[in-house]
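J.: My file is upload.txt. It has compact mmCIF, C-alpha atoms and all ligand atoms:
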# COMPACT_ATOMS: atom_id res chain seq x y z
CA MET A 1 -5.65 26.18 -120.38
CA ARG A 2 -5.84 29.90 -120.64
CA VAL A 3 -9.28 31.49 -120.63
CA LYS A 4 -10.05 33.70 -123.61
CA THR A 5 -11.48 37.05 -122.69
CA TYR A 6 -14.15 39.32 -124.07
CA GLY A 7 -13.29 40.61 -127.52
CA CYS A 8 -11.61 37.40 -128.72
CA GLU A 9 -13.06 36.28 -132.06
CA VAL A 10 -13.61 32.70 -130.89
CA LEU A 11 -16.12 33.94 -128.31
CA LYS A 12 -18.25 35.54 -131.05
CA LYS A 13 -18.43 32.49 -133.31
CA ILE A 14 -21.17 29.87 -133.54
CA ALA A 15 -19.42 26.72 -132.35
CA GLU A 16 -19.39 23.55 -134.46
CA PRO A 17 -21.24 20.42 -133.31
CA VAL A 18 -19.14 17.48 -132.18
CA SER A 19 -19.63 14.60 -134.63
CA GLU A 20 -18.20 11.82 -132.48
CA MET A 21 -16.21 11.19 -129.35
CA THR A 22 -12.49 10.92 -130.01
CA PRO A 23 -9.50 10.58 -127.67
CA GLU A 24 -8.60 14.19 -128.56
CA ILE A 25 -12.02 15.48 -127.55
CA GLU A 26 -11.91 13.40 -124.38
CA SER A 27 -8.56 14.81 -123.40
CA PHE A 28 -9.71 18.31 -124.30
CA ILE A 29 -12.70 17.86 -121.95
CA ASP A 30 -10.38 16.73 -119.14
CA ASP A 31 -8.43 19.95 -119.53
CA LEU A 32 -11.61 22.00 -119.79
CA VAL A 33 -12.95 20.58 -116.51
CA HIS A 34 -9.58 21.09 -114.85
CA THR A 35 -9.58 24.72 -115.99
CA MET A 36 -13.12 25.21 -114.66
CA TYR A 37 -12.13 24.14 -111.13
CA GLU A 38 -8.82 25.94 -111.26
CA THR A 39 -10.50 29.23 -112.16
CA GLU A 40 -13.36 28.57 -109.70
CA GLY A 41 -15.97 28.83 -112.40
CA VAL A 42 -19.38 27.17 -112.05
CA GLY A 43 -19.30 26.52 -115.77
CA ILE A 44 -17.02 26.84 -118.76
CA ALA A 45 -17.62 26.48 -122.48
CA ALA A 46 -15.11 25.18 -125.04
CA PRO A 47 -14.87 28.51 -126.94
CA GLN A 48 -13.70 30.12 -123.69
CA VAL A 49 -10.47 28.19 -124.01
CA GLY A 50 -10.30 28.70 -127.76
CA LEU A 51 -12.01 25.61 -129.18
CA SER A 52 -15.07 26.41 -131.25
CA LYS A 53 -16.99 23.19 -130.51
CA ARG A 54 -20.38 22.66 -128.90
CA ILE A 55 -19.16 21.48 -125.51
CA PHE A 56 -19.49 22.91 -122.04
CA ALA A 57 -18.89 21.74 -118.50
CA CYS A 58 -20.59 22.92 -115.35
CA ASP A 59 -20.85 22.02 -111.70
CA PRO A 60 -23.65 23.98 -110.03
CA GLN A 61 -23.16 22.30 -106.61
CA TYR A 62 -19.42 22.56 -106.22
CA SER A 63 -19.21 25.97 -104.56
CA GLU A 64 -21.46 24.69 -101.76
CA THR A 65 -20.50 21.04 -101.45
CA LYS A 66 -16.83 21.19 -102.50
CA VAL A 67 -17.43 17.79 -104.06
CA LYS A 68 -16.52 17.72 -107.72
CA LYS A 69 -19.38 16.48 -109.87
CA PRO A 70 -18.81 17.94 -113.29
CA ILE A 71 -21.59 17.72 -115.83
CA ILE A 72 -20.26 17.53 -119.37
CA CYS A 73 -22.67 18.61 -122.08
CA ILE A 74 -21.90 17.90 -125.72
CA ASN A 75 -24.11 19.31 -128.49
CA PRO A 76 -26.63 20.68 -125.95
CA GLU A 77 -30.02 21.97 -127.07
CA PHE A 78 -32.95 23.38 -125.16
CA ILE A 79 -36.19 21.59 -125.84
CA LYS A 80 -38.38 23.51 -123.37
CA TYR A 81 -38.17 26.71 -121.41
CA ASP A 82 -40.51 28.53 -119.13
CA GLY A 83 -40.79 31.40 -116.66
CA GLU A 84 -38.47 34.24 -115.91
CA ARG A 85 -35.57 34.72 -113.54
CA ILE A 86 -33.31 37.70 -113.04
CA SER A 87 -30.00 37.17 -111.30
CA GLU A 88 -26.52 38.56 -111.18
CA GLU A 89 -24.06 36.87 -113.51
CA GLY A 90 -20.37 36.99 -114.05
CA CYS A 91 -18.15 35.22 -116.55
CA LEU A 92 -14.60 33.87 -116.55
CA SER A 93 -14.13 35.66 -119.87
CA ILE A 94 -15.29 39.02 -118.54
CA PRO A 95 -13.36 39.52 -115.31
CA ASP A 96 -14.76 41.86 -112.65
CA VAL A 97 -18.05 42.51 -114.43
CA PHE A 98 -21.25 41.42 -112.68
CA GLU A 99 -24.66 42.35 -114.00
CA LYS A 100 -28.27 41.28 -113.59
CA VAL A 101 -29.49 39.22 -116.53
CA LYS A 102 -32.99 38.02 -117.37
CA ARG A 103 -33.24 34.31 -118.20
CA PHE A 104 -35.82 31.56 -118.34
CA GLU A 105 -36.55 30.17 -114.92
CA LYS A 106 -36.82 26.57 -116.07
CA VAL A 107 -35.29 24.76 -118.98
CA GLU A 108 -35.26 21.27 -120.34
CA MET A 109 -32.08 20.42 -122.19
CA GLN A 110 -30.87 17.52 -124.27
CA TYR A 111 -27.18 16.71 -124.76
CA ARG A 112 -24.68 13.94 -125.29
CA ASP A 113 -22.58 12.87 -122.34
CA LEU A 114 -19.01 11.54 -122.44
CA LYS A 115 -20.29 8.07 -123.38
CA TRP A 116 -22.36 9.62 -126.15
CA ASN A 117 -25.65 8.80 -124.39
CA LEU A 118 -28.48 11.18 -125.17
CA ILE A 119 -29.43 12.78 -121.85
CA THR A 120 -32.42 14.97 -121.03
CA ILE A 121 -32.30 17.11 -117.92
CA GLU A 122 -34.66 19.55 -116.33
CA ALA A 123 -33.16 22.49 -114.50
CA ASP A 124 -34.50 25.48 -112.68
CA ASP A 125 -33.19 28.41 -110.66
CA VAL A 126 -29.39 28.86 -110.59
CA PHE A 127 -28.75 25.65 -112.52
CA ALA A 128 -31.06 26.79 -115.35
CA THR A 129 -29.26 30.13 -115.49
CA ILE A 130 -25.86 28.42 -115.72
CA LEU A 131 -27.05 26.20 -118.58
CA GLN A 132 -28.36 29.21 -120.51
CA HIS A 133 -25.21 31.22 -119.87
CA GLU A 134 -22.98 28.36 -121.08
CA LEU A 135 -25.11 27.44 -124.09
CA ASP A 136 -25.05 31.10 -125.14
CA HIS A 137 -21.26 30.86 -125.36
CA LEU A 138 -21.69 28.14 -128.00
CA ASN A 139 -23.73 30.61 -130.04
CA GLY A 140 -21.20 33.41 -129.77
CA VAL A 141 -23.17 35.24 -127.10
CA SER A 142 -21.74 36.62 -123.85
CA PHE A 143 -23.94 37.66 -120.93
CA VAL A 144 -23.20 41.34 -121.50
CA ASP A 145 -24.85 40.97 -124.93
CA LYS A 146 -28.13 40.34 -123.06
CA LEU A 147 -28.01 43.68 -121.26
CA THR A 148 -29.95 46.72 -122.37
CA PRO A 149 -27.96 49.01 -124.71
CA ILE A 150 -27.79 51.62 -121.94
CA ARG A 151 -26.39 49.18 -119.41
CA LYS A 152 -23.91 47.87 -121.94
CA MET A 153 -22.85 51.39 -122.82
CA ALA A 154 -22.30 52.13 -119.13
CA LEU A 155 -19.89 49.19 -119.06
CA GLY A 156 -18.18 50.42 -122.21
CA PHE A 157 -14.96 51.50 -120.59
CA LYS A 158 -14.48 48.24 -118.69
CA LEU A 159 -15.39 46.12 -121.72
CA ASN A 160 -13.13 48.07 -124.04
CA ARG A 161 -10.26 47.64 -121.64
CA ILE A 162 -10.81 43.86 -121.50
CA ALA A 163 -11.17 43.72 -125.30
CA ALA A 164 -7.96 45.69 -125.79
CA ARG A 165 -6.10 43.16 -123.64
CA SER A 166 -7.79 40.26 -125.48
CA SER A 167 -6.61 41.52 -128.85
CA LYS A 168 -3.05 40.92 -127.69
CA MET A 169 -3.78 37.28 -126.91
CA LYS A 170 -3.24 34.57 -129.46
CA GLU A 171 -6.45 33.59 -131.25
CA GLY A 172 -8.10 30.16 -131.20
CA ILE A 173 -6.72 26.65 -131.21
CA GLU A 174 -7.18 23.91 -133.76
CA ILE A 175 -7.81 21.16 -131.30
CA ILE A 176 -5.46 21.28 -128.38
CA ASN A 177 -2.56 23.58 -128.00
CA LYS A 178 -1.34 23.18 -124.48
CA ASP A 179 1.30 25.87 -124.54
CA ASP A 180 -1.13 28.53 -125.63
CA SER A 181 0.30 31.18 -123.40
ZN ZN B 1 -19.36 32.89 -119.40
Here is a file; write its structure as structure tokens.
Ligand code: ZN

T.:
Amino acid sequence: MRVKTYGCEVLKKIAEPVSEMTPEIESFIDDLVHTMYETEGVGIAAPQVGLSKRIFACDPQYSETKVKKPIICINPEFIKYDGERISEEGCLSIPDVFEKVKRFEKVEMQYRDLKWNLITIEADDVFATILQHELDHLNGVSFVDKLTPIRKMALGFKLNRIAARSSKMKEGIEIINKDDS
């Protein structure tokens, strides 16, 4: 699947909750995970490939272990957060932009897995940052939106260039549109 870039409307929308697991959603998730590894992302959210649903995938260990252990989070919600952590982030949807972002250091998150079990996980450090970055995508927020206005303004040229390219891309998908190219 093609990754939507900064400026695309679907990245600014609040994504819809998933009401139940369906074969379509399952197959969408397969493609999403495939796209994550193919693009060498540590995480990817459904809106990034044009589906405005509350789903993201991540694999915080993969870049070190090279063993694929995707974590699929459906309808994720933070139930606790604590501390502060500043680290450099990038995003598949904002190529070649890396900036320091302030996040919570620890989070506790609840979500549904592929079998619709309600899972609670605790995460800290890099993993916590990834979860916050991905969950933001489900609320129409990109990491550059967390920067100070001055920092964001300094990136203006780069961001405008990405947005100009994005406006030429086809918008959104209903559920799965494989030849969205
Ligand atoms: Zn991102």

J.: Using all atoms listed in the file, which residues sit within 9 Å of region 35-44 of chain A once same-chain residues fewer than 4 positions away are excluded, as a compact mmCIF listing (two decimals) with C-alpha atoms, keeping the file's coordinate frame?

T.:
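Result file follows (around.txt):
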# COMPACT_ATOMS: atom_id res chain seq x y z
CA MET A 1 -5.65 26.18 -120.38
CA ARG A 2 -5.84 29.90 -120.64
CA VAL A 3 -9.28 31.49 -120.63
CA ASP A 30 -10.38 16.73 -119.14
CA ASP A 31 -8.43 19.95 -119.53
CA GLN A 48 -13.70 30.12 -123.69
CA VAL A 49 -10.47 28.19 -124.01
CA ILE A 55 -19.16 21.48 -125.51
CA PHE A 56 -19.49 22.91 -122.04
CA ALA A 57 -18.89 21.74 -118.50
CA CYS A 58 -20.59 22.92 -115.35
CA ASP A 59 -20.85 22.02 -111.70
CA PRO A 60 -23.65 23.98 -110.03
CA GLN A 61 -23.16 22.30 -106.61
CA TYR A 62 -19.42 22.56 -106.22
CA SER A 63 -19.21 25.97 -104.56
CA LYS A 68 -16.52 17.72 -107.72
CA PRO A 70 -18.81 17.94 -113.29
CA CYS A 91 -18.15 35.22 -116.55
CA LEU A 92 -14.60 33.87 -116.55
CA ILE A 130 -25.86 28.42 -115.72
CA LEU A 131 -27.05 26.20 -118.58
CA HIS A 133 -25.21 31.22 -119.87
CA GLU A 134 -22.98 28.36 -121.08
CA HIS A 137 -21.26 30.86 -125.36

J.: Nearest to Thr148 (chain A) among A:Cys8, A:Ala45, A:Ala123, A:Val101, with distances taken over all atoms listed in the file: which residue is it?

T.: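 Selected residue with least distance to Thr148 (chain A): A:Val101.
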
J.: Would you compute the distance between CA of Lys100 (chain A) and CA of Glu122 (chain A)? Give it in Å to one decimal.

T.: 22.8 Å

J.: Between A:Ser167, A:Thr5, A:Thr65, A:Thr22, which is the closest to Ile94 (chain A) once you count only C-alpha atoms?

T.: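 Closest residue, counting only C-alpha atoms: A:Thr5.
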
J.: Mind pulling up the distance from CA of Lys13 (chain A) to CA of Asn139 (chain A)?

T.: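 These two atoms are separated by 6.5 Å.
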
J.: For a quick check of understanding, using only C-alpha atoms, which of A:Ser142, A:Thr129, A:Asn75, A:Ser27 has the smallest distance to Val10 (chain A)?

T.: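 Residue with the minimum atom-to-atom distance to Val10 (chain A): A:Ser142.
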
J.: Work out how far CA of Tyr111 (chain A) is from CA of Val126 (chain A), in Å to one decimal.

T.: 18.8 Å

J.: From the set A:Met153, A:Leu32, A:Leu135, A:Ile162, which residue has the shortest atom-to-atom contact distance to ligand ZN 1 (chain B), counting only C-alpha atoms and all ligand atoms?

T.: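 Looking only at the distances to ligand ZN 1 (chain B), the closest residue turns out to be A:Leu135.
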
J.: With distances taken over all atoms listed in the file, which residue among A:Glu64, A:Met21, A:Phe143, A:Asn117 lies nearest Arg103 (chain A)?

T.: A:Phe143

J.: Please list as a VMD selection string every residue within 8 Å of Pro47 (chain A), counting only C-alpha atoms and excluding residues in the same chain fewer than 3 positions away.

T.: chain A and resid 4 10 to 11 15 50 to 53 137 to 138

J.: Using only C-alpha atoms, can you tell me which of A:Ile72, A:Ala128, A:Ala163, A:Ile121 comes closest to Arg85 (chain A)?

T.: A:Ala128

J.: Could you list, as a PyMOL selection string, every residue within 10 Å of Ala164 (chain A), counting all atoms listed in the file and ignoring same-chain residues fewer than 3 positions away?

T.: chain A and resi 5-8+158-161+167-169
